[in-house]
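Text of coords.cif (mmCIF, C-alpha atoms) as supplied:
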data_run
loop_
_atom_site.label_atom_id
_atom_site.label_comp_id
_atom_site.auth_asym_id
_atom_site.auth_seq_id
_atom_site.Cartn_x
_atom_site.Cartn_y
_atom_site.Cartn_z
CA MET A 1 48.14 -80.44 -8.14
CA LYS A 2 47.66 -77.39 -5.94
CA ASP A 3 51.01 -76.00 -7.06
CA ASN A 4 50.01 -76.44 -10.70
CA GLN A 5 46.68 -74.68 -10.11
CA LYS A 6 48.48 -71.78 -8.47
CA GLU A 7 50.89 -71.61 -11.38
CA ASP A 8 48.02 -71.63 -13.92
CA LYS A 9 46.50 -68.55 -12.31
CA LYS A 10 49.74 -66.69 -12.98
CA GLN A 11 49.71 -67.50 -16.69
CA PRO A 12 48.60 -64.92 -19.29
CA ILE A 13 45.20 -65.65 -20.84
CA PRO A 14 45.14 -64.93 -24.60
CA ASP A 15 41.46 -65.87 -24.84
CA GLN A 16 40.67 -62.85 -22.67
CA ILE A 17 42.01 -60.65 -25.50
CA TYR A 18 40.45 -62.65 -28.33
CA GLU A 19 36.98 -62.64 -26.77
CA LEU A 20 37.07 -58.90 -26.21
CA VAL A 21 38.18 -58.23 -29.79
CA ALA A 22 35.49 -60.56 -31.14
CA GLY A 23 32.91 -58.57 -29.24
CA GLY A 24 34.17 -55.44 -30.96
CA TRP A 25 33.86 -57.14 -34.35
CA ARG A 26 30.24 -58.03 -33.68
CA ALA A 27 29.41 -54.48 -32.66
CA HIS A 28 30.99 -53.02 -35.79
CA ILE A 29 29.18 -55.49 -38.05
CA LEU A 30 25.92 -54.19 -36.60
CA LYS A 31 27.14 -50.61 -36.95
CA ALA A 32 27.89 -51.17 -40.67
CA ALA A 33 24.45 -52.69 -41.24
CA ILE A 34 22.79 -49.72 -39.53
CA GLN A 35 24.82 -47.21 -41.52
CA LEU A 36 23.90 -48.98 -44.77
CA ASP A 37 20.25 -49.15 -43.62
CA ILE A 38 20.10 -52.83 -44.51
CA PHE A 39 17.22 -53.62 -42.16
CA THR A 40 15.01 -50.95 -43.71
CA ALA A 41 15.79 -52.32 -47.18
CA ILE A 42 14.69 -55.81 -46.14
CA ALA A 43 11.59 -54.42 -44.42
CA SER A 44 10.65 -52.76 -47.73
CA GLY A 45 10.62 -56.13 -49.51
CA LEU A 46 14.18 -56.46 -50.79
CA GLY A 47 14.91 -59.96 -49.55
CA THR A 48 17.81 -61.34 -51.60
CA VAL A 49 21.40 -60.30 -52.15
CA GLU A 50 20.66 -59.59 -55.80
CA THR A 51 17.66 -57.32 -55.19
CA ILE A 52 19.35 -55.41 -52.37
CA ALA A 53 22.60 -54.94 -54.30
CA ALA A 54 20.73 -53.84 -57.42
CA ALA A 55 18.57 -51.33 -55.54
CA LYS A 56 21.52 -49.86 -53.67
CA ASN A 57 24.09 -50.22 -56.47
CA TRP A 58 26.28 -52.29 -54.17
CA ALA A 59 28.76 -55.07 -54.94
CA ILE A 60 27.15 -58.50 -54.56
CA ARG A 61 29.86 -60.47 -52.75
CA PRO A 62 30.57 -58.08 -49.82
CA THR A 63 26.82 -57.50 -49.52
CA ARG A 64 26.26 -61.23 -49.17
CA VAL A 65 29.12 -61.57 -46.66
CA LEU A 66 27.64 -58.82 -44.46
CA LEU A 67 24.08 -60.16 -44.69
CA ASP A 68 25.19 -63.68 -43.83
CA SER A 69 27.11 -62.46 -40.78
CA LEU A 70 23.96 -60.85 -39.40
CA CYS A 71 22.28 -64.28 -39.21
CA PRO A 72 24.42 -65.88 -36.46
CA LEU A 73 24.30 -62.54 -34.66
CA GLY A 74 20.52 -62.95 -34.45
CA PHE A 75 19.48 -59.92 -36.51
CA LEU A 76 18.51 -61.78 -39.70
CA THR A 77 17.30 -65.23 -40.66
CA LYS A 78 17.76 -66.82 -44.07
CA LYS A 79 15.75 -69.37 -46.01
CA ARG A 80 16.36 -70.48 -49.60
CA GLY A 81 18.53 -67.46 -50.26
CA GLU A 82 16.04 -64.92 -48.87
CA TYR A 83 16.71 -62.83 -45.78
CA PHE A 84 14.13 -61.98 -43.11
CA LEU A 85 14.14 -59.65 -40.13
CA THR A 86 14.05 -61.06 -36.61
CA PRO A 87 11.63 -59.55 -34.06
CA THR A 88 14.51 -57.52 -32.58
CA SER A 89 15.79 -56.05 -35.83
CA GLY A 90 12.24 -55.44 -37.01
CA ALA A 91 11.41 -53.49 -33.87
CA PHE A 92 14.58 -51.49 -33.33
CA LEU A 93 16.64 -51.32 -36.55
CA VAL A 94 14.17 -50.30 -39.28
CA SER A 95 14.72 -46.57 -39.69
CA ASN A 96 11.09 -45.59 -40.28
CA SER A 97 9.88 -47.52 -37.22
CA GLU A 98 8.57 -45.63 -34.19
CA THR A 99 10.85 -47.76 -32.01
CA TYR A 100 14.00 -47.26 -34.13
CA ALA A 101 17.16 -47.25 -32.01
CA GLY A 102 19.76 -47.05 -34.75
CA GLY A 103 20.60 -43.43 -34.00
CA SER A 104 21.68 -44.11 -30.45
CA LEU A 105 23.52 -47.28 -31.48
CA ARG A 106 25.48 -45.37 -34.11
CA TYR A 107 26.43 -42.82 -31.48
CA PHE A 108 27.52 -45.56 -29.08
CA LEU A 109 29.81 -47.08 -31.71
CA ALA A 110 31.12 -43.98 -33.49
CA CYS A 111 34.92 -43.82 -33.48
CA ASN A 112 35.00 -40.05 -32.93
CA THR A 113 32.78 -40.53 -29.88
CA TRP A 114 35.34 -42.79 -28.24
CA GLN A 115 38.09 -40.37 -29.23
CA GLN A 116 36.57 -38.15 -26.55
CA LEU A 117 37.85 -40.63 -23.96
CA LEU A 118 41.42 -40.03 -25.11
CA GLU A 119 40.90 -36.28 -24.98
CA ALA A 120 39.44 -36.53 -21.48
CA VAL A 121 42.46 -38.46 -20.23
CA ARG A 122 45.02 -36.27 -22.00
CA THR A 123 43.52 -32.84 -21.38
CA GLY A 124 40.56 -33.14 -19.02
CA GLN A 125 38.45 -31.50 -21.72
CA GLN A 126 35.56 -32.92 -23.78
CA LYS A 127 33.39 -31.53 -26.55
CA VAL A 128 30.30 -33.64 -25.92
CA PRO A 129 27.34 -31.99 -24.15
CA ASP A 130 26.35 -33.06 -20.67
CA ALA A 131 24.15 -36.16 -20.57
CA CYS A 132 21.42 -34.32 -18.69
CA SER A 133 21.19 -31.55 -21.29
CA SER A 134 18.48 -31.25 -23.91
CA GLU A 135 21.02 -32.03 -26.66
CA PHE A 136 20.66 -35.70 -25.76
CA ASN A 137 16.86 -35.64 -25.89
CA ALA A 138 16.61 -37.79 -29.04
CA PHE A 139 19.02 -40.33 -27.58
CA TRP A 140 17.00 -40.68 -24.38
CA VAL A 141 13.75 -40.98 -26.32
CA GLN A 142 15.17 -43.98 -28.18
CA ASP A 143 16.51 -45.45 -24.94
CA ALA A 144 13.13 -45.04 -23.22
CA THR A 145 11.35 -46.65 -26.16
CA MET A 146 13.55 -49.73 -25.94
CA GLU A 147 13.21 -49.84 -22.14
CA ALA A 148 9.42 -49.82 -22.43
CA MET A 149 9.65 -53.11 -24.31
CA ARG A 150 11.91 -54.84 -21.78
CA THR A 151 9.31 -57.05 -20.11
CA SER A 152 11.98 -58.37 -17.72
CA ARG A 153 11.88 -54.95 -16.05
CA ILE A 154 8.39 -55.65 -14.70
CA ALA A 155 9.38 -58.48 -12.37
CA GLU A 156 12.67 -56.75 -11.50
CA SER A 157 10.86 -53.55 -10.54
CA LEU A 158 8.26 -55.33 -8.43
CA GLU A 159 11.06 -57.06 -6.55
CA MET A 160 12.84 -53.72 -6.11
CA TRP A 161 9.82 -52.17 -4.38
CA ARG A 162 9.26 -55.22 -2.18
CA THR A 163 12.92 -55.16 -1.13
CA VAL A 164 12.76 -51.54 0.06
CA GLY A 165 9.53 -52.24 2.00
CA ILE A 166 6.77 -51.11 -0.37
CA ASP A 167 4.36 -53.93 -1.20
CA PRO A 168 2.98 -53.49 -4.75
CA ASP A 169 -0.09 -55.55 -3.85
CA ALA A 170 -1.01 -53.62 -0.70
CA LYS A 171 -3.77 -50.99 -0.83
CA TRP A 172 -1.15 -48.30 -0.39
CA LYS A 173 -2.38 -44.76 -1.14
CA GLY A 174 1.10 -43.58 -1.89
CA LYS A 175 2.50 -40.92 -4.20
CA VAL A 176 5.76 -41.67 -5.98
CA LEU A 177 8.08 -39.15 -7.63
CA ASP A 178 10.10 -40.88 -10.36
CA LEU A 179 13.09 -38.67 -11.26
CA ALA A 180 14.60 -39.12 -14.73
CA SER A 181 11.87 -41.69 -15.15
CA GLY A 182 12.52 -42.73 -18.74
CA CYS A 183 9.54 -44.78 -19.88
CA GLY A 184 8.37 -45.00 -16.26
CA ILE A 185 8.21 -48.78 -16.15
CA LYS A 186 9.89 -49.05 -12.74
CA SER A 187 7.26 -46.96 -10.99
CA PHE A 188 4.33 -47.86 -13.26
CA VAL A 189 4.37 -51.41 -11.89
CA LEU A 190 3.10 -49.96 -8.60
CA ALA A 191 0.19 -48.22 -10.31
CA GLN A 192 -0.63 -51.33 -12.32
CA HIS A 193 -0.85 -53.45 -9.16
CA ASN A 194 -2.47 -50.81 -6.99
CA HIS A 195 -5.12 -48.40 -8.26
CA ASN A 196 -4.53 -46.18 -5.21
CA ALA A 197 -0.91 -45.45 -6.16
CA ALA A 198 -0.13 -42.18 -7.96
CA ILE A 199 3.03 -41.70 -10.01
CA THR A 200 4.69 -38.43 -11.06
CA CYS A 201 7.35 -38.79 -13.76
CA VAL A 202 10.04 -36.17 -14.37
CA ASP A 203 12.06 -36.24 -17.59
CA TRP A 204 12.49 -34.48 -20.92
CA ALA A 205 9.28 -33.84 -22.87
CA GLY A 206 10.09 -36.30 -25.65
CA VAL A 207 10.87 -39.05 -23.15
CA LEU A 208 7.62 -38.41 -21.31
CA GLU A 209 5.71 -39.04 -24.54
CA VAL A 210 7.07 -42.59 -24.38
CA ALA A 211 6.01 -42.84 -20.73
CA LYS A 212 2.55 -41.54 -21.62
CA ARG A 213 2.11 -44.22 -24.29
CA LEU A 214 3.16 -46.96 -21.86
CA ALA A 215 0.81 -45.67 -19.15
CA ASP A 216 -2.02 -45.60 -21.67
CA LYS A 217 -1.20 -49.13 -22.81
CA TRP A 218 -1.30 -50.31 -19.19
CA ASN A 219 -4.56 -48.41 -18.49
CA ILE A 220 -3.02 -46.38 -15.68
CA LEU A 221 -2.91 -42.97 -17.35
CA LYS A 222 -5.29 -41.49 -14.74
CA GLN A 223 -2.77 -42.37 -12.03
CA VAL A 224 0.16 -40.72 -13.79
CA SER A 225 1.36 -37.10 -13.88
CA LEU A 226 4.09 -35.97 -16.25
CA TRP A 227 6.47 -33.12 -15.39
CA ALA A 228 8.75 -32.10 -18.25
CA GLY A 229 12.05 -30.55 -17.28
CA ASP A 230 15.57 -30.93 -15.92
CA VAL A 231 15.81 -32.85 -12.62
CA THR A 232 18.86 -30.79 -11.63
CA THR A 233 17.03 -27.46 -11.79
CA MET A 234 13.35 -28.29 -11.19
CA ASP A 235 11.66 -27.79 -7.81
CA TYR A 236 9.84 -30.94 -6.63
CA GLY A 237 7.59 -29.29 -4.05
CA ASP A 238 7.35 -29.70 -0.29
CA SER A 239 6.05 -32.77 1.58
CA GLU A 240 4.07 -34.07 -1.40
CA PHE A 241 5.38 -37.60 -1.91
CA ASP A 242 5.75 -40.85 -0.01
CA ALA A 243 8.62 -42.18 -2.12
CA VAL A 244 11.17 -40.72 -4.53
CA LEU A 245 12.88 -42.97 -7.06
CA LEU A 246 16.22 -42.10 -8.62
CA GLY A 247 16.75 -44.81 -11.19
CA GLN A 248 19.82 -44.69 -13.43
CA ILE A 249 20.41 -40.94 -13.03
CA THR A 250 22.80 -40.46 -10.10
CA TYR A 251 25.84 -41.65 -12.06
CA HIS A 252 25.24 -38.93 -14.65
CA LEU A 253 25.58 -36.29 -11.93
CA SER A 254 28.51 -34.95 -9.93
CA ILE A 255 28.54 -35.31 -6.15
CA ASP A 256 27.40 -31.71 -5.75
CA GLN A 257 24.57 -32.21 -8.27
CA ASN A 258 23.49 -35.40 -6.50
CA LYS A 259 23.43 -33.62 -3.14
CA SER A 260 21.30 -30.87 -4.66
CA VAL A 261 18.84 -33.40 -6.14
CA LEU A 262 18.74 -35.40 -2.90
CA LYS A 263 18.12 -32.26 -0.86
CA LYS A 264 15.13 -31.39 -3.06
CA ALA A 265 13.93 -34.99 -2.81
CA TYR A 266 14.18 -34.77 0.99
CA HIS A 267 11.96 -31.69 1.07
CA ALA A 268 9.51 -33.27 -1.41
CA LEU A 269 8.97 -36.29 0.85
CA ASN A 270 6.45 -36.61 3.66
CA GLN A 271 7.92 -37.38 7.08
CA GLY A 272 8.98 -41.02 7.08
CA GLY A 273 9.05 -41.05 3.29
CA LEU A 274 11.51 -43.18 1.34
CA VAL A 275 14.14 -42.29 -1.22
CA VAL A 276 15.21 -45.18 -3.45
CA ILE A 277 18.43 -45.12 -5.47
CA HIS A 278 18.43 -47.78 -8.15
CA ALA A 279 21.89 -47.54 -9.69
CA PRO A 280 25.04 -49.67 -9.62
CA THR A 281 27.47 -49.04 -6.77
CA VAL A 282 31.15 -49.82 -7.06
CA ASP A 283 33.37 -51.50 -4.50
CA GLU A 284 35.24 -49.26 -2.09
CA GLU A 285 38.60 -49.97 -3.75
CA ARG A 286 37.16 -49.26 -7.22
CA CYS A 287 38.68 -52.33 -8.83
CA ASN A 288 36.14 -55.18 -8.92
CA SER A 289 32.74 -53.84 -10.00
CA GLU A 290 31.42 -54.22 -13.54
CA ALA A 291 30.06 -50.69 -13.19
CA LEU A 292 33.63 -49.41 -13.53
CA ILE A 293 33.44 -50.33 -17.22
CA LEU A 294 30.27 -48.26 -17.54
CA ALA A 295 32.10 -45.38 -15.90
CA VAL A 296 34.39 -45.23 -18.94
CA MET A 297 31.29 -44.96 -21.13
CA LEU A 298 30.22 -41.89 -19.16
CA PHE A 299 33.40 -40.08 -20.06
CA ALA A 300 33.46 -41.23 -23.67
CA LEU A 301 29.80 -40.72 -24.55
CA PHE A 302 28.20 -38.28 -22.16
CA GLY A 303 30.72 -35.88 -20.70
CA GLU A 304 32.66 -35.97 -17.48
CA LYS A 305 30.45 -34.74 -14.62
CA GLY A 306 29.11 -38.07 -13.44
CA ASP A 307 30.69 -41.12 -11.90
CA PHE A 308 29.79 -44.47 -10.38
CA TYR A 309 29.86 -44.09 -6.63
CA THR A 310 30.65 -46.34 -3.68
CA PHE A 311 28.08 -47.01 -1.00
CA SER A 312 30.07 -44.89 1.46
CA GLU A 313 29.88 -41.96 -0.99
CA TYR A 314 26.12 -42.38 -1.38
CA LYS A 315 25.77 -42.69 2.40
CA ALA A 316 27.69 -39.47 2.94
CA MET A 317 25.54 -37.60 0.41
CA LEU A 318 22.31 -38.90 1.94
CA GLU A 319 23.36 -38.12 5.50
CA GLU A 320 24.47 -34.61 4.59
CA VAL A 321 21.01 -33.64 3.33
CA GLY A 322 19.21 -35.22 6.30
CA PHE A 323 18.31 -38.82 5.42
CA SER A 324 18.61 -41.64 7.97
CA GLU A 325 18.12 -45.44 8.05
CA ILE A 326 20.35 -45.71 5.01
CA THR A 327 20.40 -49.29 3.74
CA LYS A 328 22.33 -50.99 0.97
CA HIS A 329 20.04 -53.80 -0.20
CA SER A 330 22.20 -54.97 -3.11
CA GLU A 331 24.95 -53.76 -5.44
CA SER A 332 22.34 -51.67 -7.28
CA LEU A 333 19.80 -50.71 -4.64
CA ILE A 334 19.94 -48.24 -1.74
CA SER A 335 17.10 -46.77 0.33
CA ALA A 336 16.90 -44.13 3.05
CA ARG A 337 14.18 -42.42 5.10
CA LYS A 338 13.35 -38.83 5.88
#
Could you express the structure from this file as structure tokens?
Amino acid sequence: MKDNQKEDKKQPIPDQIYELVAGGWRAHILKAAIQLDIFTAIASGLGTVETIAAAKNWAIRPTRVLLDSLCPLGFLTKKRGEYFLTPTSGAFLVSNSETYAGGSLRYFLACNTWQQLLEAVRTGQQKVPDACSSEFNAFWVQDATMEAMRTSRIAESLEMWRTVGIDPDAKWKGKVLDLASGCGIKSFVLAQHNHNAAITCVDWAGVLEVAKRLADKWNILKQVSLWAGDVTTMDYGDSEFDAVLLGQITYHLSIDQNKSVLKKAYHALNQGGLVVIHAPTVDEERCNSEALILAVMLFALFGEKGDFYTFSEYKAMLEEVGFSEITKHSESLISARK
């Protein structure tokens, strides 16, 4: 039996290919529906194949095939021949909605976008702007809008702070600098649980509008400051904060850029203050971590400066700028003290 099991592990696995291809099919079905603006048509009251096809001057049969496929994917429901939006498609895929995310999804799935990966490998050159540039402002606004509605982030963020030694429920009169904050949800949980906590968010102006709306919704706007700008060029001040959060930004930056940001974070912290890096690390051999798949996305979609780093690389960067007590809490969480 053991010999057979060993032999099975050496066999090729066709399902591994089929499952990956099927995932691609699903993504491109959604892409087609976004490009055709099907969800907006249904939101406007066009609920049947016949009414949609007539309004758009489309062929009935392929329209029906596409609409039906969106039902098992969870983006439409169907009853007695009429199609209805699901909460997800209604929130994120109707083009005139404030929370529309179709633009970023189309960019993710565009064939010419992924062509950039081939060019990067073949020539080392890419035509896409850097992810941290203002050209991507609209993309990050959509991303922040979706993130603000991810309620699972609340519990995850509370656990993150507890893990690094900051109790959200303590009467902690701390000031937190949230770099590349997005919607701010990761740091806002501290302000929501503790009226003494003060949060400063740094991001692009459009993104900070999303953060402002979330802070207002949570009734913590008085505890929040918003600094619009580029985290790689902005000065953060001197000895003003008790904690600095870098959440999902370090992998968009080169090692030199990260050292520059970490050096400014070091100076911005009070003595004994904490820097928190909330981003996936990869294994030292760079062969087992899921984040390695995301690293390909960086090259294809956002330019080539960033990378997903090992813990030893983060440790070296942190030590070089002066941090100590460097701790890896999990595959996506590192902290260090000034």
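Pairwise distance (atom CA of A:Asn137, atom CA of A:Lys263) equals 25.3 Å.
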With a distance cut-off of 12 Å and all atoms listed in the file, select the neighbouring residues of stretch 163-165 of chain A, excluding the residue or stretch itself and same-chain residues fewer than 4 positions from it, and output the selection as a PyMOL selection string. chain A and resi 156-159+169-170+172+243-245+273-278+325-330+332-337
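We find atom CA of A:Pro168 and atom CA of A:Asn194 to be spaced 6.5 Å apart.
Excluding A:Ile185 itself and same-chain residues fewer than 2 positions from it, the residues having an atom within 8 Å of it are Glu147, Ala148, Arg153, Ile154, Ser157, Gly182, Cys183, Ser187, Phe188, Val189, Ala211 and Leu214 of chain A, counting only C-alpha atoms.
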Would you mind telling me which residue in A:Trp58, A:Tyr309, A:Phe299, A:Phe139 lies nearest to A:Gly206 when using only C-alpha atoms? A:Phe139
Under the PyMOL selection byres ((chain A and resi 62) around 12), which residues of this model are included? Write them out as a list of chain:residue names. A:Ala32, A:Ala33, A:Val49, A:Glu50, A:Ile52, A:Ala53, A:Trp58, A:Ala59, A:Ile60, A:Arg61, A:Thr63, A:Arg64, A:Val65, A:Leu66, A:Leu67, A:Asp68, A:Ser69
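Restricting the calculation to all atoms listed in the file, the smallest distance between A:Trp25 and any of A:Leu109, A:Leu93, A:Met234, A:Val121 is found for A:Leu109.
A straight line drawn from atom CA of A:Arg213 to atom CA of A:Gly247 is 19.7 Å long.
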Report the residues retrieved by the PyMOL selection byres ((chain A and resi 268) around 12) from the displayed file, expressed as a PDB file with C-alpha atoms, keeping the file's coordinate frame.
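Output (selection_8.pdb):
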ATOM      1  CA  LYS A 175       2.500 -40.920  -4.200  1.00  0.00           C
ATOM      2  CA  VAL A 176       5.760 -41.670  -5.980  1.00  0.00           C
ATOM      3  CA  LEU A 177       8.080 -39.150  -7.630  1.00  0.00           C
ATOM      4  CA  ASP A 178      10.100 -40.880 -10.360  1.00  0.00           C
ATOM      5  CA  LEU A 179      13.090 -38.670 -11.260  1.00  0.00           C
ATOM      6  CA  THR A 200       4.690 -38.430 -11.060  1.00  0.00           C
ATOM      7  CA  MET A 234      13.350 -28.290 -11.190  1.00  0.00           C
ATOM      8  CA  ASP A 235      11.660 -27.790  -7.810  1.00  0.00           C
ATOM      9  CA  TYR A 236       9.840 -30.940  -6.630  1.00  0.00           C
ATOM     10  CA  GLY A 237       7.590 -29.290  -4.050  1.00  0.00           C
ATOM     11  CA  ASP A 238       7.350 -29.700  -0.290  1.00  0.00           C
ATOM     12  CA  SER A 239       6.050 -32.770   1.580  1.00  0.00           C
ATOM     13  CA  GLU A 240       4.070 -34.070  -1.400  1.00  0.00           C
ATOM     14  CA  PHE A 241       5.380 -37.600  -1.910  1.00  0.00           C
ATOM     15  CA  ASP A 242       5.750 -40.850  -0.010  1.00  0.00           C
ATOM     16  CA  ALA A 243       8.620 -42.180  -2.120  1.00  0.00           C
ATOM     17  CA  VAL A 244      11.170 -40.720  -4.530  1.00  0.00           C
ATOM     18  CA  LEU A 245      12.880 -42.970  -7.060  1.00  0.00           C
ATOM     19  CA  VAL A 261      18.840 -33.400  -6.140  1.00  0.00           C
ATOM     20  CA  LEU A 262      18.740 -35.400  -2.900  1.00  0.00           C
ATOM     21  CA  LYS A 263      18.120 -32.260  -0.860  1.00  0.00           C
ATOM     22  CA  LYS A 264      15.130 -31.390  -3.060  1.00  0.00           C
ATOM     23  CA  ALA A 265      13.930 -34.990  -2.810  1.00  0.00           C
ATOM     24  CA  TYR A 266      14.180 -34.770   0.990  1.00  0.00           C
ATOM     25  CA  HIS A 267      11.960 -31.690   1.070  1.00  0.00           C
ATOM     26  CA  LEU A 269       8.970 -36.290   0.850  1.00  0.00           C
ATOM     27  CA  ASN A 270       6.450 -36.610   3.660  1.00  0.00           C
ATOM     28  CA  GLN A 271       7.920 -37.380   7.080  1.00  0.00           C
ATOM     29  CA  GLY A 272       8.980 -41.020   7.080  1.00  0.00           C
ATOM     30  CA  GLY A 273       9.050 -41.050   3.290  1.00  0.00           C
ATOM     31  CA  LEU A 274      11.510 -43.180   1.340  1.00  0.00           C
ATOM     32  CA  VAL A 275      14.140 -42.290  -1.220  1.00  0.00           C
ATOM     33  CA  LYS A 338      13.350 -38.830   5.880  1.00  0.00           C
TER      34      LYS A 338
END
Selection in question (the file shown): the PyMOL selection byres ((chain A and resi 115) around 12). Which residues does it include, as a ChimeraX atom specification? /A:108-114,116-122,125-128,296-297,299-301
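Between A:Ala43 and the residues A:Trp227, A:Phe311, A:Phe92, A:Tyr251, the shortest atom-to-atom distance, using only C-alpha atoms, involves A:Phe92.
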